[in-house]
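Accompanying notes for the structure given below.
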Amino acid sequence: MARQMSRRPKSLAAFRKQLLRWFRANRRVHPWRRDRDPYRVWLAEVMLQQTRIAAVIPYYDNFLRHFPEVRALAQASEQDVLRHLAGLGYYSRARNLHRAAKEIVERHGGEFPRDFDAVLKLPGIGRYTAAAVLSIAYGAPYAVLDGNVARVLARLGAIRGDLRAPRQWQQLAGTSQELLAVQSAGDWNQAMMELGETICTPKSPNCEACPVSGCCVALKRGLVDEIPAPRKKRAPVRQRIEAAVLLDKRGRTLLVRDPGAHDDVLFSRMWQFPAVQTAGNDGAELAKHLRDKYGFAPIALTELALAKHCVTFRNITLAPFLARVSELPKIAHSRALLLSQLNRVPVSSATRKIAAAALDAIDSGVTDRGRARNGRAS
Ligand code: SF4
């Protein structure tokens with residue numbers, strides 16, 4: 001498509017003009033579009049990775065209140081950074097953001113680098129994020145390519161096949177770069193993304209409202225619904241995770257750090273309840289886990305309401321069990337805190353769901369009436 005157009009410079013110029021004009025008239029108002037400060041642009045791009053805009057907005061403003069510039073972020077503790085992003089998911093992003101802030105301060109004098117290769121060396125930054133930040137913040141001539149932009153390009157050029165296949169993706173990256181309006185790189189990249197997010201959507205694209213419909217080969221050939229070809233989805237996997245919510249007489253519970261244990265993704269290497277993936281559903285494997293892994297004395301486990309949790313292709317059933325104890329056991333890599341004050345430490349959304357089930361049960365008195373399941377460790 002770009003080649004067809006680049007042989008006809010006038011049509012390429014018109015295409016760029018139409019898209020930029022549409023974007024400048026219709027751009028959505030987002031907090032990260034208030035200015036072009038590289039720190040803020042970078043922060044937004046990292047938060048928006050695989051996360052909906054609506055979910056990001058409250059976190060973005062809150063994060064900036066606590067870490068208004070890169071030095072403040074670099075000086076913060078990792079726990080503090082994680083705490084302010086807890087609930088957003090993908091916590092490796094938060095850790096990389098923190099590490100990158102330190103590198104920017106230590107190696108680049110606190111200024112986001114302008115060199116593409118230097119940016120790529122920062123933790124957690126790939127080609128897409130580097131191109132987005134450099135073009136939006138500095139106007140540098142790097143075109144972005146993500147799923148939205150790839151879909152737009154594929155339809156504009158009626159490109160069939162698996163867009164994520166490495167060769168295809170590389171060609172799309174080349175096309176994206178050829179189309180780039182170099183003098184307005186930041187606006188151009190945002191225009192392409194915005195077109196994919198709001199008009200040229202995966203299902204039922206709004207071609208009537210599309211500013212570049214006159215250049216769209218898929219539309220001309222009636223192929224819009226066939227491009228891109230649907231991706232083969234990985235078959236969903238069902239899992240059950242049982243977790244123990246210990247509760248002492250003061251309402252305190254026990255959280256552990258368990259890096260490298262059964263599931264780094266689910267609990268994101270943050271504070272979590274002792275937990276294990278099980279095949280059965282009666283708490284017996286959880287009781288065994290508590291005994292074998294942590295040396296817990298026999299403990300009565302009361303089953304609470306189940307919670308659902310989905311991570312990519314995994315459909316997870318979270319099965320919390322409450323255990324009332326006179327004293328919390330003292331074990332390494334653990335901490336005790338009030339169950340009602342869990343938000344004071346960084347925890348994943350799975351841990352929040354488990355805590356919510358326990359608090360609901362305690363509030364309604366279910367656990368006092370409920371029958372302990374077969375979770376008594378021997
Ligand atoms: S005309 Fe339709 S399919 Fe083509 S780019 Fe525009 S919205 Fe997408």
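As shown in the structure tokens, the chain order sets the letters A, B, ...; within each chain, residues go from 1, and ligands are also counted from 1 in the order they appear.
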Residue list (helix (DSSP H, G or I), DSSP) for region 143-305 of chain A, as JSON, numbers by chain: {"A": [147, 148, 149, 150, 151, 152, 153, 154, 155, 156, 166, 167, 168, 169, 170, 171, 172, 173, 174, 175, 176, 177, 178, 179, 182, 183, 184, 185, 186, 187, 188, 189, 190, 191, 192, 193, 194, 195, 196, 197, 198, 207, 208, 209, 213, 214, 215, 217, 218, 219, 220, 224, 225, 226, 264, 265, 266, 267, 284, 285, 286, 287, 288, 289, 290, 291, 292, 293, 294]}
Residues near Arg344 (chain A), cut-off 12 Å, only C-alpha atoms, skip fewer than 5 positions along chain, as JSON, numbers by chain: {"A": [79, 80, 82, 83, 84, 86, 271, 336, 337, 338, 339, 352]}
Could you write out that same residue set with N, CA, C and O atoms as a PDB file, in the first residue's frame?
```
ATOM      1  N   GLN A  79       8.628  -1.356  46.699  1.00  0.00           N
ATOM      2  CA  GLN A  79       7.336  -1.654  47.350  1.00  0.00           C
ATOM      3  C   GLN A  79       6.359  -0.496  47.157  1.00  0.00           C
ATOM      4  O   GLN A  79       5.177  -0.701  46.899  1.00  0.00           O
ATOM      5  N   ASP A  80       6.868   0.721  47.291  1.00  0.00           N
ATOM      6  CA  ASP A  80       6.003   1.886  47.151  1.00  0.00           C
ATOM      7  C   ASP A  80       5.488   2.007  45.708  1.00  0.00           C
ATOM      8  O   ASP A  80       4.320   2.306  45.464  1.00  0.00           O
ATOM      9  N   LEU A  82       5.179  -0.476  43.529  1.00  0.00           N
ATOM     10  CA  LEU A  82       4.218  -1.564  43.302  1.00  0.00           C
ATOM     11  C   LEU A  82       2.871  -1.236  43.939  1.00  0.00           C
ATOM     12  O   LEU A  82       1.811  -1.502  43.371  1.00  0.00           O
ATOM     13  N   ARG A  83       2.930  -0.655  45.110  1.00  0.00           N
ATOM     14  CA  ARG A  83       1.678  -0.345  45.836  1.00  0.00           C
ATOM     15  C   ARG A  83       0.805   0.611  45.018  1.00  0.00           C
ATOM     16  O   ARG A  83      -0.408   0.490  44.991  1.00  0.00           O
ATOM     17  N   HIS A  84       1.444   1.561  44.333  1.00  0.00           N
ATOM     18  CA  HIS A  84       0.657   2.545  43.586  1.00  0.00           C
ATOM     19  C   HIS A  84       0.186   2.024  42.233  1.00  0.00           C
ATOM     20  O   HIS A  84      -0.581   2.692  41.548  1.00  0.00           O
ATOM     21  N   ALA A  86      -0.709  -1.407  42.171  1.00  0.00           N
ATOM     22  CA  ALA A  86      -1.393  -2.653  42.537  1.00  0.00           C
ATOM     23  C   ALA A  86      -2.830  -2.606  42.016  1.00  0.00           C
ATOM     24  O   ALA A  86      -3.525  -1.611  42.186  1.00  0.00           O
ATOM     25  N   TRP A 271       3.286  -9.760  47.926  1.00  0.00           N
ATOM     26  CA  TRP A 271       2.757 -10.418  49.118  1.00  0.00           C
ATOM     27  C   TRP A 271       1.473 -11.164  48.753  1.00  0.00           C
ATOM     28  O   TRP A 271       0.641 -10.645  48.017  1.00  0.00           O
ATOM     29  N   ALA A 336       2.641  -9.973  59.073  1.00  0.00           N
ATOM     30  CA  ALA A 336       1.277  -9.998  59.609  1.00  0.00           C
ATOM     31  C   ALA A 336       0.693  -8.598  59.503  1.00  0.00           C
ATOM     32  O   ALA A 336       1.385  -7.605  59.753  1.00  0.00           O
ATOM     33  N   LEU A 337      -0.556  -8.515  59.092  1.00  0.00           N
ATOM     34  CA  LEU A 337      -1.239  -7.218  59.084  1.00  0.00           C
ATOM     35  C   LEU A 337      -2.748  -7.442  59.137  1.00  0.00           C
ATOM     36  O   LEU A 337      -3.219  -8.574  58.912  1.00  0.00           O
ATOM     37  N   LEU A 338      -3.465  -6.369  59.488  1.00  0.00           N
ATOM     38  CA  LEU A 338      -4.922  -6.506  59.576  1.00  0.00           C
ATOM     39  C   LEU A 338      -5.481  -6.865  58.205  1.00  0.00           C
ATOM     40  O   LEU A 338      -5.117  -6.240  57.204  1.00  0.00           O
ATOM     41  N   LEU A 339      -6.372  -7.847  58.179  1.00  0.00           N
ATOM     42  CA  LEU A 339      -6.960  -8.259  56.903  1.00  0.00           C
ATOM     43  C   LEU A 339      -7.665  -7.078  56.230  1.00  0.00           C
ATOM     44  O   LEU A 339      -7.635  -6.936  55.016  1.00  0.00           O
ATOM     45  N   ARG A 352      -6.409  -9.698  46.235  1.00  0.00           N
ATOM     46  CA  ARG A 352      -7.522  -8.848  46.686  1.00  0.00           C
ATOM     47  C   ARG A 352      -8.848  -9.608  46.653  1.00  0.00           C
ATOM     48  O   ARG A 352      -9.687  -9.447  47.526  1.00  0.00           O
TER      49      ARG A 352
END
```
Test item: residues at most 12 Å from Asn26 (chain A), only C-alpha atoms, excluding those fewer than 5 positions along its chain, as a ChimeraX atom specification: /A:19-21,187,190-191,194-195,198-199,209-211
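With only C-alpha atoms and all ligand atoms as the atoms that count, the residue of A:Ala319, A:Val224, A:Ala357, A:Val46 with the shortest distance to ligand 1 is A:Val224.
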Every residue of region 94-302 of chain A that DSSP places in strand (DSSP E), as a list in words: Val237, Arg238, Gln239, Arg240, Ile241, Glu242, Ala243, Ala244, Val245, Leu246, Leu247, Arg252, Thr253, Leu254, Leu255, Val256, Ala275, Val276, Gln277 and Thr302 of chain A
Preceding selection exported with C-alpha atoms as a compact mmCIF listing (two decimals), in the first residue's frame:
```txt
# COMPACT_ATOMS: atom_id res chain seq x y z
CA VAL A 237 -6.94 -24.07 30.72
CA ARG A 238 -8.87 -24.48 33.95
CA GLN A 239 -6.99 -24.23 37.22
CA ARG A 240 -7.93 -24.19 40.85
CA ILE A 241 -5.83 -22.33 43.39
CA GLU A 242 -6.59 -22.83 47.07
CA ALA A 243 -5.42 -20.14 49.47
CA ALA A 244 -5.35 -19.98 53.27
CA VAL A 245 -6.53 -16.78 54.97
CA LEU A 246 -5.27 -17.11 58.51
CA LEU A 247 -6.97 -14.87 61.04
CA ARG A 252 -4.58 -9.97 61.60
CA THR A 253 -3.69 -12.24 58.72
CA LEU A 254 -0.47 -13.71 57.35
CA LEU A 255 1.03 -12.88 53.96
CA VAL A 256 4.04 -14.60 52.48
CA ALA A 275 -1.59 -20.85 48.27
CA VAL A 276 -1.23 -23.88 46.07
CA GLN A 277 -2.66 -25.18 42.81
CA THR A 302 -13.32 -23.35 56.46
```
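Proximity ranking of A:Val149, A:Leu172, A:Ala131, A:Ala94 relative to ligand 1 places A:Val149 first, based on only C-alpha atoms and all ligand atoms.
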Residues within 9 Å of ligand 1, counting only C-alpha atoms and all ligand atoms, as an NGL selection string: :A and (151-158 or 195-196 or 198-201 or 204-220 or 223-225 or 227)
Computed interatomic separation between CA of Arg71 (chain A) and CA of Arg95 (chain A) (Å): 15.4 Å
Nearest candidate to Arg24 (chain A) (options A:Ser184, A:Gln177, A:Ser135, A:Thr51; using only C-alpha atoms): A:Ser184
